[in-house]
Each structure stands twice: as C-alpha cells, then as structure tokens.
Amino acid sequence: MTTTVGRQRSLQAIGESYESLREKFTNAGQGHVFAFWDELNEDEREVLLSHLRRIDVDRVNRIYHKSTTSPPKPQVASIGPLPQARLASTINNANKVSAWEERGLRLIAHNKVGVILLAGGQGTRLGSSAPKGCYDIGLPSHKSLFRIQAERIRRLESLATKYATGTERIVIPWYIMVSGPTKQPTVSYFRDNNFFGLDPENVFFFEQGVLPAFTNEGKIFMETKCSPSLAPDGNGGIYAALQREGVIKDLERRRIQYVHTYCVDNCLVKVADPVFIGYCVEQEAECGAKAVPKASPEESVGVICLRDGKFSVVEYSEIDKTMAAERKPDGTLVYNAANIANHFYTVDFLRRVDELEGELEYHIAHKKIKHVDLATGEPVAPTSNNGIKLEMFIFDVFPFIDKMAVLEVDRKDEFSPLKNAPGSGSDSPETSRADILNQCVRWARAAGANVIKPERQADDVIVLEISPLVSYAGEGLTSLKGVSVNTPKYLEDAQDLKDLIDPQDYSL
C-alpha cells in the first residue's frame with residue numbers, strides 16, 4: 001500500500017511539473033523539447049523534467065538573442081598597459097608583503113574571508129574519469145589536489161589564531177563548484193576522506209550552471225528524446241551559480257566580506273592567501289587578480305591589461321609581436337601580467353554581479369552538435385558545424401569593475417597548472433610534482449637546512465615534501481637551521497620535524 005501511495009504522488013508531481021514547464025517552454029518558443037513526451041515512459045519523463053528544471057528558458061533565450069544580435073566588436077581595440085596605481089608585486093618586496101600578510105591574517109582571524117574553488121572538471125586528459133581534484137600527482141604522501149588544498153586551509157586557520165581577539169573559532173568556509181558529472185564523486189570523495197580534517201559544516205558544494213546548445217535559429221537541440229543538449233556555461237557561470245545555489249546567502253549569514261577564488265588544477269595555489277587578501281583590501285578593490293610575469297613575449301597566454309580603457313584579459317593573439325615585446329625602463333615587459341584565473345572579490349561585488357548579466361557577453365562557439373531529428377526521432381551526427389554553444393569566462397566581468405587590483409606573484413611559487421597527460425612534458429603530473437618538491441627544498445634551505453640529494457639519484461628533483469600542515473608558505477621551519485636533511489624525506493607533521501633535530505638543540 002505504501003508503494004502505491006508513493007507511486008501516485010510521484011505521478012502527480014510529474015504531472016504538475018509537466019504542465020507548468022510545458023507552458024513556460026511553449027510560451028518561450030521552445031515547446032519542441034516535449035516533442036516525444038507521449039513516447040516516453042515514466043522514468044524517461046522524469047529525466048526530461050529534471051533537465052528542464054535546470055534551464056531558465058527565458059534567461060537562455062535572452063542570452064542567445066544578445067549573443068547573436070549584438071554588433072561585432074571593432075576589429076582593432078585600443079590596448080594599453082595596466083595603471084601602475086592598480087598593480088603591485090610580491091617579487092623582491094618583502095616589507096610590503098609582510099604588511100599585506102598581517103592584514104590578511106587579521107581578517108581571517110575575524111572570520112571575514114571565504115574561499116571559492118572551481119572544481120567542475122574531470123581528469124579525462126590525465127587518463128582518469130574522476131574529478132580532477134582527486135588526482136594523485138605522485139608526491140611521496142600521495143595526497144590529492146583536494147587534500148593539499150584542504151590542509152592549506154587548516155594551516156592558515158591555525159596561523160591566524162595569533163591575531164584572534166576573542167574566543168570565536170576561526171573558520172575559512174570552502175565553497176566548491178562542481179559540475180553535473182563531478183558532483184556525486186566529489187562529495188563522496190570528501191566523505192570517504194572525512195573532509196580531510198575540516199568540519200563538513202564549513203564545506204559547501206554547489207553546482208555549475210548549464211546552457212543548452214542551440215540551432216542557428218535559436219532552438220534548443222534535443223540530444224535524445226528525453227534530454228536537451230546541455231553543456232557547462234563556462235567558468236564565468238560561477239556568478240549566476242553563487243546566487244542560484246545559495247552561496248551568497250551563506251556568505252551573508254556568516255558575515256564574510258571577502259572571497260578568494262581559484263581553480264583546482266593549480267597545485268601551488270595559496271588558498272585564501274592572506275597576502276593577496278591584504279593587498280586587495282588595502283587597495284579598496286572590489287575585484288582583484290593575481291598574475292605571473294610572462295615567460296617570454298611569445299608565451300601563448302592571456303594578459304591582464306586595458307582594452308578601450310577598461311580592465312580586461314586580452315588574448316595573446318590580439319597583441320601584435322611589436323607590442324608584446326615592448327619593455328619598461330627596468331627591462332620588464334609592458335604587457336607582462338599573465339592571467340592565472342586566481343581572483344579576489346568583495347561579497348558586495350558578487351551580490352551585484354547578477355545585475356550586470358544583461359550587459360555581459362557570452363562567447364559563441366560554432367560546433368558539430370549531435371541531436372535527434374524532431375520529425376523522425378532518429379539520431380543525427382553532423383559532419384560540419386550545425387549549431388552554437390555559449391559560455392562566459394570568469395574574467396568577463398573585469399570591464400565593469402572600477403576598483404581593480406592586480407598582484408604580480410612569482411610563478412615558481414604560485415602557479416603550476418595540471419592540464420596534460422602524464423609524460424607530456426609540460427603542465428603535467430610530473431611538472432606539478434616537481435614544482436611542489438622544489439618549493440619545499442627552497443623553504444628548507446631558506447630556513448638554513450642542508451638538504452642532501454642521494455648520490456645515486458639520477459633525477460634532478462630532490463624529493464623533500466613538507467606537508468601543508470607543517471608549513472603554508474615556508475614559515476615554521478626555523479628549527480631546521482644547520483640541520484642536514486637526507487632525502488627522500490616526507491615531513492608529515494610537527495613530530496617528523498622534531499625527529500630531524502637533535503633533541504638538545506630542538507626549539508620551535
């Protein structure tokens with residue numbers, strides 16, 4: 001009897017959703033998404049409705065119309081360098097860095113800082129179907145990217161206690177944007193690993209938005225009889241997702257004022273970096289971006305600069321060779337701020353971004369889109385481009401920002417993306433592993449340690465791993481002064497650090 005009642009309720013819910021959704025899509029000129037409704041069984045109908053519930057059809061129609069009818073941008077834009085007043089560097093700037101760091105740590109100590117992680121991608125190029133954050137880059141500890149970042153948060157919460165003025169627990173809430181395919185595996189991975197020592201109440205998963213693929217006439221493609229053709233709306237979809245998924249409300253509930261946002265595939269990322277937070281707050285910026293110096297004028301990377309007098313990320317193809325090679329009197333490139341998708345926001349700004357959607361432009365990509373023929377129901381696999389997909393980039397809001405701050409950081413300490421398959425030679429698991437190990441060696445040597453490479457080791461990379469729980473950015477290692485560290489070595493915690501040192505000489 002219980003099963004029957006439950007089934008009746010399910011059918012009733014489907015009917016109610018069907019009526020309202022069909023009316024909405026029909027009024028929007030997209031009623032064809034129900035073309036096969038009469039052929040679908042109950043489960044297939046629920047699949048269709050679940051997809052359609054995720055689509056704000058009036059909004060996607062507006063996006064399509066604006067993207068396809070807006071006049072094209074001028075072929076030649078006026079490109080200019082960043083204003084010096086909005087640009088600073090951590091490189092060879094120790095005094096400023098120290099002041100920014102203290103300011104950031106004080107804000108963290110007063111629970112004013114949160115973190116947003118973009119983690120919607122899978123490790124497909126790495127030969128893994130798991131979320132990219134689950135990937136093991138081959139460190140001695142075999143920690144995944146997720147674990148490394150979680151432990152950096154834990155260490156930073158500990159460091160900030162120095163500046164606490166009350167008894168309130170210091171918390172850096174972590175908001176993790178996942179996609180449809182990665183949501184359940186990511187949540188399960190965190191649960192299976194006890195959230196890496198973080199309180200689950202302070203880890204918030206939210207889902208990236210999707211946009212349908214369109215015909216050239218603006219009709220939504222149906223991938224199957226019960227599924228529209230959907231794709232992620234780009235990393236710029238984060239702004240709408242923060243509102244839709246309740247992240248803004250949670251930030252407001254916690255009275256968070258500032259947010260650090262980054263991508264999961266950067267193994268060197270300084271999560272909730274107090275230096276970056278402190279610098280942007282000093283600048284009274286509503287948005288900030290980290291950049292690394294370009295490796296060469298020819299490096300194929302987007303550059304943060306001005307386009308028509310507004311902050312923008314300009315693709316390398318838009319800057320001619322002469323302009324790309326221009327240098328300042330100190331010898332550095334004029335267009336030197338390579339974008340690394342590492343941002344600061346005020347929560348006030350994130351709250352207002354929703355109001356900008358009518359002005360933001362989505363990028364059009366002409367694609368070959370598989371679909372079902374609405375007349376026959378047969379699958380179609382086109383051999384040439386037959387439709388468009390739309391996406392927004394996270395930096396597309398930059399031109400609408402008046403108070404922007406750009407912070408140049410050292411690439412070797414802060415940027416090592418994981419993009420390519422093992423053995424590919426660049427931006428690979430091997431380079432990620434090497435960059436973390438090399439950083440740990442630099443930290444130990446800066447503290448005065450004698451790091452010893454095994455005589456028979458052919459590899460140039462010295463295997464010394466220091467857990468983020470021991471050091472966030474090289475601090476806490478002064479006790480290594482004069483100590484010989486034989487490698488390979490993994491320092492997992494304070495006890496491992498203590499064991500390296502003669503007890504009578506040990507002091508923290």
# chains A, B, ... in the order shown; residues from 1 in each chain; ligands from 1
>>> closest_atom_pairs(of="stretch 107-191 of chain A", to="stretch 279-296 of chain A", cutoff="12 Å", atoms="only C-alpha atoms", output="CSV")
residue,atom,partner,partner_atom,distance
A:Leu107,CA,A:Val281,CA,9.7
A:Lys112,CA,A:Val281,CA,11.5
A:Val113,CA,A:Val281,CA,11.3
>>> residues_around(residues="A:Ser317", least_positions_apart="3", cutoff="12 Å", atoms="only C-alpha atoms", output="compact mmCIF listing (two decimals) with C-alpha atoms, in the first residue's frame")
# COMPACT_ATOMS: atom_id res chain seq x y z
CA VAL A 76 41.08 46.77 -33.62
CA PRO A 297 56.98 37.91 -25.13
CA GLU A 298 55.76 34.99 -27.27
CA GLU A 299 54.14 32.98 -24.46
CA SER A 300 50.61 31.95 -25.51
CA VAL A 301 48.72 33.29 -22.52
CA GLY A 302 46.03 35.87 -21.84
CA VAL A 303 47.32 39.16 -20.43
CA VAL A 313 42.08 39.85 -20.21
CA VAL A 314 43.39 40.17 -23.76
CA ASP A 320 50.95 42.03 -32.10
CA LYS A 321 54.57 40.98 -31.83
CA MET A 323 53.54 45.39 -28.70
CA ALA A 324 54.21 42.07 -26.95
>>> select_by_dssp(residues="stretch 204-434 of chain A", states="strand (DSSP E or B)", output="PyMOL selection string")
chain A and resi 204-207+210-212+214-215+220+222-224+227-228+230-232+258-263+266+287-293+303-307+310-314+327+333+337-346+363-367+371-372+379-380+387-391+404-408+417
>>> closest_residue(among="A:Glu315, A:Glu102, A:Asp233, A:Glu455", to="A:Ser179", atoms="only C-alpha atoms")
A:Asp233
>>> closest_atom_pairs(of="stretch 348-409 of chain A", to="stretch 200-213 of chain A", cutoff="12 Å", atoms="only C-alpha atoms", output="JSON lines")
{"residue": "A:Tyr362", "atom": "CA", "partner": "A:Leu211", "partner_atom": "CA", "distance": 10.8}
{"residue": "A:Ile364", "atom": "CA", "partner": "A:Ala213", "partner_atom": "CA", "distance": 10.5}
{"residue": "A:Ala365", "atom": "CA", "partner": "A:Ala213", "partner_atom": "CA", "distance": 9.9}
{"residue": "A:His366", "atom": "CA", "partner": "A:Ala213", "partner_atom": "CA", "distance": 9.9}
{"residue": "A:Lys367", "atom": "CA", "partner": "A:Ala213", "partner_atom": "CA", "distance": 9.0}
{"residue": "A:Lys368", "atom": "CA", "partner": "A:Ala213", "partner_atom": "CA", "distance": 10.1}
{"residue": "A:Ile369", "atom": "CA", "partner": "A:Ala213", "partner_atom": "CA", "distance": 7.6}
{"residue": "A:Lys370", "atom": "CA", "partner": "A:Ala213", "partner_atom": "CA", "distance": 9.8}
{"residue": "A:His371", "atom": "CA", "partner": "A:Ala213", "partner_atom": "CA", "distance": 9.8}
{"residue": "A:Asn385", "atom": "CA", "partner": "A:Ala213", "partner_atom": "CA", "distance": 12.0}
{"residue": "A:Asn386", "atom": "CA", "partner": "A:Ala213", "partner_atom": "CA", "distance": 10.3}
{"residue": "A:Gly387", "atom": "CA", "partner": "A:Ala213", "partner_atom": "CA", "distance": 7.0}
{"residue": "A:Ile388", "atom": "CA", "partner": "A:Ala213", "partner_atom": "CA", "distance": 5.9}
{"residue": "A:Lys389", "atom": "CA", "partner": "A:Ala213", "partner_atom": "CA", "distance": 4.9}
{"residue": "A:Leu390", "atom": "CA", "partner": "A:Leu211", "partner_atom": "CA", "distance": 7.0}
{"residue": "A:Glu391", "atom": "CA", "partner": "A:Leu211", "partner_atom": "CA", "distance": 7.8}
{"residue": "A:Met392", "atom": "CA", "partner": "A:Leu211", "partner_atom": "CA", "distance": 10.4}
>>> residues_around(residues="stretch 461-464 of chain A", least_positions_apart="4", cutoff="6 Å", atoms="only C-alpha atoms", output="list in words")
Leu437, Lys453, Thr487, Pro488, Lys489 and Tyr490 of chain A
>>> closest_residue(among="A:Ala150, A:Arg244, A:Met404, A:Asn266", to="A:Asn194", atoms="only C-alpha atoms")
A:Ala150
>>> closest_residue(among="A:Glu408, A:Asp136, A:Asp373, A:Asp199", to="A:Asn339", atoms="only C-alpha atoms")
A:Glu408
>>> decode(residues="stretch 200-234 of chain A", atoms="N, CA, C and O atoms", output="PDB file, in the first residue's frame")
ATOM      1  N   PRO A 200      32.665  19.378   8.159  1.00  0.00           N
ATOM      2  CA  PRO A 200      31.761  19.335   6.999  1.00  0.00           C
ATOM      3  C   PRO A 200      30.795  20.512   6.941  1.00  0.00           C
ATOM      4  O   PRO A 200      30.345  20.884   5.856  1.00  0.00           O
ATOM      5  N   GLU A 201      30.485  21.104   8.088  1.00  0.00           N
ATOM      6  CA  GLU A 201      29.577  22.251   8.097  1.00  0.00           C
ATOM      7  C   GLU A 201      30.178  23.458   7.374  1.00  0.00           C
ATOM      8  O   GLU A 201      29.441  24.382   6.995  1.00  0.00           O
ATOM      9  N   ASN A 202      31.482  23.425   7.166  1.00  0.00           N
ATOM     10  CA  ASN A 202      32.149  24.560   6.545  1.00  0.00           C
ATOM     11  C   ASN A 202      32.630  24.259   5.126  1.00  0.00           C
ATOM     12  O   ASN A 202      33.437  25.002   4.560  1.00  0.00           O
ATOM     13  N   VAL A 203      32.132  23.165   4.571  1.00  0.00           N
ATOM     14  CA  VAL A 203      32.427  22.795   3.178  1.00  0.00           C
ATOM     15  C   VAL A 203      31.103  22.735   2.439  1.00  0.00           C
ATOM     16  O   VAL A 203      30.225  21.951   2.784  1.00  0.00           O
ATOM     17  N   PHE A 204      30.953  23.553   1.425  1.00  0.00           N
ATOM     18  CA  PHE A 204      29.671  23.774   0.746  1.00  0.00           C
ATOM     19  C   PHE A 204      29.854  23.437  -0.728  1.00  0.00           C
ATOM     20  O   PHE A 204      30.628  24.078  -1.428  1.00  0.00           O
ATOM     21  N   PHE A 205      29.162  22.400  -1.223  1.00  0.00           N
ATOM     22  CA  PHE A 205      29.230  22.036  -2.634  1.00  0.00           C
ATOM     23  C   PHE A 205      28.079  22.692  -3.386  1.00  0.00           C
ATOM     24  O   PHE A 205      26.937  22.659  -2.934  1.00  0.00           O
ATOM     25  N   PHE A 206      28.378  23.278  -4.529  1.00  0.00           N
ATOM     26  CA  PHE A 206      27.312  23.852  -5.345  1.00  0.00           C
ATOM     27  C   PHE A 206      27.601  23.562  -6.818  1.00  0.00           C
ATOM     28  O   PHE A 206      28.752  23.352  -7.198  1.00  0.00           O
ATOM     29  N   GLU A 207      26.547  23.549  -7.616  1.00  0.00           N
ATOM     30  CA  GLU A 207      26.671  23.045  -8.977  1.00  0.00           C
ATOM     31  C   GLU A 207      26.771  24.166 -10.004  1.00  0.00           C
ATOM     32  O   GLU A 207      26.008  25.132  -9.985  1.00  0.00           O
ATOM     33  N   GLN A 208      27.709  23.987 -10.909  1.00  0.00           N
ATOM     34  CA  GLN A 208      27.873  24.900 -12.034  1.00  0.00           C
ATOM     35  C   GLN A 208      26.631  24.865 -12.913  1.00  0.00           C
ATOM     36  O   GLN A 208      25.980  23.830 -13.051  1.00  0.00           O
ATOM     37  N   GLY A 209      26.301  25.984 -13.535  1.00  0.00           N
ATOM     38  CA  GLY A 209      25.149  26.039 -14.414  1.00  0.00           C
ATOM     39  C   GLY A 209      25.419  25.404 -15.769  1.00  0.00           C
ATOM     40  O   GLY A 209      26.563  25.092 -16.122  1.00  0.00           O
ATOM     41  N   VAL A 210      24.366  25.192 -16.501  1.00  0.00           N
ATOM     42  CA  VAL A 210      24.467  24.665 -17.856  1.00  0.00           C
ATOM     43  C   VAL A 210      23.679  25.572 -18.793  1.00  0.00           C
ATOM     44  O   VAL A 210      22.767  26.285 -18.381  1.00  0.00           O
ATOM     45  N   LEU A 211      24.052  25.539 -20.038  1.00  0.00           N
ATOM     46  CA  LEU A 211      23.297  26.203 -21.090  1.00  0.00           C
ATOM     47  C   LEU A 211      23.044  25.197 -22.203  1.00  0.00           C
ATOM     48  O   LEU A 211      23.896  24.343 -22.489  1.00  0.00           O
ATOM     49  N   PRO A 212      21.883  25.268 -22.830  1.00  0.00           N
ATOM     50  CA  PRO A 212      21.627  24.352 -23.939  1.00  0.00           C
ATOM     51  C   PRO A 212      22.405  24.750 -25.184  1.00  0.00           C
ATOM     52  O   PRO A 212      22.787  25.916 -25.353  1.00  0.00           O
ATOM     53  N   ALA A 213      22.609  23.779 -26.055  1.00  0.00           N
ATOM     54  CA  ALA A 213      23.129  24.074 -27.386  1.00  0.00           C
ATOM     55  C   ALA A 213      21.954  24.481 -28.265  1.00  0.00           C
ATOM     56  O   ALA A 213      20.845  23.951 -28.132  1.00  0.00           O
ATOM     57  N   PHE A 214      22.207  25.426 -29.162  1.00  0.00           N
ATOM     58  CA  PHE A 214      21.144  25.982 -29.998  1.00  0.00           C
ATOM     59  C   PHE A 214      21.370  25.688 -31.471  1.00  0.00           C
ATOM     60  O   PHE A 214      22.524  25.618 -31.929  1.00  0.00           O
ATOM     61  N   THR A 215      20.272  25.582 -32.200  1.00  0.00           N
ATOM     62  CA  THR A 215      20.361  25.629 -33.653  1.00  0.00           C
ATOM     63  C   THR A 215      20.719  27.064 -34.045  1.00  0.00           C
ATOM     64  O   THR A 215      20.648  27.987 -33.222  1.00  0.00           O
ATOM     65  N   ASN A 216      21.066  27.240 -35.296  1.00  0.00           N
ATOM     66  CA  ASN A 216      21.391  28.594 -35.751  1.00  0.00           C
ATOM     67  C   ASN A 216      20.173  29.510 -35.747  1.00  0.00           C
ATOM     68  O   ASN A 216      20.307  30.729 -35.871  1.00  0.00           O
ATOM     69  N   GLU A 217      18.993  28.913 -35.575  1.00  0.00           N
ATOM     70  CA  GLU A 217      17.753  29.692 -35.494  1.00  0.00           C
ATOM     71  C   GLU A 217      17.320  29.931 -34.052  1.00  0.00           C
ATOM     72  O   GLU A 217      16.264  30.510 -33.808  1.00  0.00           O
ATOM     73  N   GLY A 218      18.115  29.464 -33.098  1.00  0.00           N
ATOM     74  CA  GLY A 218      17.821  29.740 -31.693  1.00  0.00           C
ATOM     75  C   GLY A 218      16.962  28.715 -30.997  1.00  0.00           C
ATOM     76  O   GLY A 218      16.468  28.957 -29.884  1.00  0.00           O
ATOM     77  N   LYS A 219      16.777  27.541 -31.598  1.00  0.00           N
ATOM     78  CA  LYS A 219      16.001  26.480 -30.967  1.00  0.00           C
ATOM     79  C   LYS A 219      16.935  25.547 -30.186  1.00  0.00           C
ATOM     80  O   LYS A 219      18.051  25.246 -30.633  1.00  0.00           O
ATOM     81  N   ILE A 220      16.465  25.087 -29.040  1.00  0.00           N
ATOM     82  CA  ILE A 220      17.267  24.185 -28.212  1.00  0.00           C
ATOM     83  C   ILE A 220      17.362  22.820 -28.885  1.00  0.00           C
ATOM     84  O   ILE A 220      16.350  22.237 -29.279  1.00  0.00           O
ATOM     85  N   PHE A 221      18.573  22.316 -29.039  1.00  0.00           N
ATOM     86  CA  PHE A 221      18.772  20.970 -29.569  1.00  0.00           C
ATOM     87  C   PHE A 221      18.338  19.932 -28.540  1.00  0.00           C
ATOM     88  O   PHE A 221      18.577  20.098 -27.329  1.00  0.00           O
ATOM     89  N   MET A 222      17.740  18.857 -28.999  1.00  0.00           N
ATOM     90  CA  MET A 222      17.470  17.685 -28.160  1.00  0.00           C
ATOM     91  C   MET A 222      18.526  16.633 -28.466  1.00  0.00           C
ATOM     92  O   MET A 222      18.624  16.132 -29.595  1.00  0.00           O
ATOM     93  N   GLU A 223      19.313  16.288 -27.457  1.00  0.00           N
ATOM     94  CA  GLU A 223      20.365  15.288 -27.651  1.00  0.00           C
ATOM     95  C   GLU A 223      19.767  13.897 -27.792  1.00  0.00           C
ATOM     96  O   GLU A 223      20.214  13.075 -28.588  1.00  0.00           O
ATOM     97  N   THR A 224      18.762  13.621 -26.957  1.00  0.00           N
ATOM     98  CA  THR A 224      17.975  12.392 -27.058  1.00  0.00           C
ATOM     99  C   THR A 224      16.515  12.793 -26.919  1.00  0.00           C
ATOM    100  O   THR A 224      16.191  13.964 -26.729  1.00  0.00           O
ATOM    101  N   LYS A 225      15.630  11.822 -26.983  1.00  0.00           N
ATOM    102  CA  LYS A 225      14.205  12.130 -26.862  1.00  0.00           C
ATOM    103  C   LYS A 225      13.849  12.673 -25.483  1.00  0.00           C
ATOM    104  O   LYS A 225      12.847  13.367 -25.326  1.00  0.00           O
ATOM    105  N   CYS A 226      14.681  12.373 -24.492  1.00  0.00           N
ATOM    106  CA  CYS A 226      14.369  12.821 -23.133  1.00  0.00           C
ATOM    107  C   CYS A 226      15.454  13.706 -22.532  1.00  0.00           C
ATOM    108  O   CYS A 226      15.511  13.908 -21.323  1.00  0.00           O
ATOM    109  N   SER A 227      16.322  14.242 -23.400  1.00  0.00           N
ATOM    110  CA  SER A 227      17.397  15.075 -22.858  1.00  0.00           C
ATOM    111  C   SER A 227      17.794  16.165 -23.844  1.00  0.00           C
ATOM    112  O   SER A 227      18.186  15.860 -24.976  1.00  0.00           O
ATOM    113  N   PRO A 228      17.686  17.440 -23.427  1.00  0.00           N
ATOM    114  CA  PRO A 228      18.225  18.505 -24.271  1.00  0.00           C
ATOM    115  C   PRO A 228      19.742  18.429 -24.280  1.00  0.00           C
ATOM    116  O   PRO A 228      20.369  17.855 -23.378  1.00  0.00           O
ATOM    117  N   SER A 229      20.341  19.000 -25.306  1.00  0.00           N
ATOM    118  CA  SER A 229      21.801  19.048 -25.391  1.00  0.00           C
ATOM    119  C   SER A 229      22.297  20.157 -24.478  1.00  0.00           C
ATOM    120  O   SER A 229      22.035  21.339 -24.715  1.00  0.00           O
ATOM    121  N   LEU A 230      22.992  19.779 -23.402  1.00  0.00           N
ATOM    122  CA  LEU A 230      23.429  20.739 -22.391  1.00  0.00           C
ATOM    123  C   LEU A 230      24.946  20.718 -22.261  1.00  0.00           C
ATOM    124  O   LEU A 230      25.582  19.676 -22.441  1.00  0.00           O
ATOM    125  N   ALA A 231      25.512  21.856 -21.921  1.00  0.00           N
ATOM    126  CA  ALA A 231      26.956  21.960 -21.679  1.00  0.00           C
ATOM    127  C   ALA A 231      27.184  22.964 -20.561  1.00  0.00           C
ATOM    128  O   ALA A 231      26.370  23.873 -20.361  1.00  0.00           O
ATOM    129  N   PRO A 232      28.276  22.834 -19.796  1.00  0.00           N
ATOM    130  CA  PRO A 232      28.578  23.826 -18.759  1.00  0.00           C
ATOM    131  C   PRO A 232      28.629  25.226 -19.349  1.00  0.00           C
ATOM    132  O   PRO A 232      29.034  25.405 -20.504  1.00  0.00           O
ATOM    133  N   ASP A 233      28.226  26.216 -18.573  1.00  0.00           N
ATOM    134  CA  ASP A 233      28.148  27.590 -19.074  1.00  0.00           C
ATOM    135  C   ASP A 233      29.457  28.364 -18.929  1.00  0.00           C
ATOM    136  O   ASP A 233      29.465  29.587 -18.981  1.00  0.00           O
ATOM    137  N   GLY A 234      30.579  27.634 -18.799  1.00  0.00           N
ATOM    138  CA  GLY A 234      31.888  28.277 -18.684  1.00  0.00           C
ATOM    139  C   GLY A 234      32.182  28.669 -17.252  1.00  0.00           C
ATOM    140  O   GLY A 234      31.281  28.750 -16.414  1.00  0.00           O
TER     141      GLY A 234
END
